[in-house]
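*Asks:* Structure below; questions to follow.
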Amino acid sequence: WDPNWLDRPVALVGLSGCGKSTLARLLARALSWPWYDTDAAIAAAAGMSVADLFQTYGEAEFRVRETAALTEALREAQVIATGGGIVLQPENRRMLREYATVIWLDAADATILTRLAADAEQRPLLHGDAAARLAELRARRTPLYAEVADVIIATDGKTPLELVQQVIA
Ligand code: S3P
């Protein structure tokens, strides 16, 4: 057991709609740690939503900014909510493995689709046939989340507070 483990940032990864941002805030509060949301940081710096950024500058530019945000976030012991695509870049996976304790939040497709239906506008990668897109993203990204995850948590049927307790335990 490595005592330095306690000082490592905790990064939450997983597909859109699996509860990363909600859990990050609650977990940070429970640990008295700061929290950092890579999407929120990118949007604040750009002065526009992630969806508008995708539209205006394209996904490649978003990914560059996402790597910069992750680099910044990993400098501090804090809870980090990442975007679902954070694992796409090999550099991001390397940094997550090296500097963070990574928790992979998983949820069933039906749960994710219900949650995302509420703000579909803000999820550019799920436009069109959302169920098919989600299946595709899940297939492509599952091995990438597995590559970085220290812990996997199934979130279906659990309340946010139950999840916080599970993560802390
Ligand atoms: C993305 C997920 C989004 C956001 C961007 C791209 C993805 O974050 O980073 O729209 O590639 O899955 P959430 O996981 O918070 O929806």
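So you can find residues: chains in the structure tokens are A, B, ... in the order shown, residues in each start at 1, and ligands are numbered from 1 in order.
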Quick one: residues within 10 Å of ligand 1, with only C-alpha atoms and all ligand atoms, as a ChimeraX atom specification?
*Replies:* /A:12-21,37-40,42-43,49-54,59,62-63,66,81-88,116,119-126,134,137-138,141
*Asks:* Can you tell me, as a count of residues only, which residues in segment 4-138 of chain A count as alpha helix (DSSP H) by DSSP?
*Replies:* 72
*Asks:* For Ala169 of chain A, which residue among A:Ala139, A:Ala68, A:Ala30, A:Ala130 is the nearest when counting only C-alpha atoms?
*Replies:*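 With only C-alpha atoms as the atom set, the closest residue is A:Ala30.
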*Asks:* Looking only at the backbone, which of the residues in segment 27-90 of chain A does DSSP tag as strand (DSSP E), as a PyMOL selection string?
*Replies:* chain A and resi 35-37+79-81
*Asks:* So that I have them on file, write out the residues from the current selection with C-alpha atoms, as a CSV table (one decimal), in the first residue's frame.
*Replies:*
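The new file again30.csv reads:
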chain,number,residue,atom,x,y,z
A,35,TRP,CA,-13.3,19.7,-7.6
A,36,TYR,CA,-12.5,20.4,-11.2
A,37,ASP,CA,-14.7,19.7,-14.2
A,79,VAL,CA,-11.8,15.4,-7.6
A,80,ILE,CA,-11.8,15.7,-11.4
A,81,ALA,CA,-14.9,15.2,-13.5
*Asks:* Of the residues A:Ala100, A:Ala46, A:Val64, A:Leu26, which is the one nearest to Ala149 of chain A, using only C-alpha atoms?
*Replies:*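 For Ala149 of chain A, the nearest of the candidates is A:Ala100.
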*Asks:* Please compute the atom CA of Leu163 of chain A-atom CA of Asp106 of chain A distance, one decimal, in Å.
*Replies:* 11.6 Å
*Asks:* Record the distance separating atom CA of Ala41 of chain A and atom CA of Arg75 of chain A, expressed in Å with one decimal.
*Replies:*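 Computed distance, atom CA of Ala41 of chain A to atom CA of Arg75 of chain A, equals 14.5 Å.
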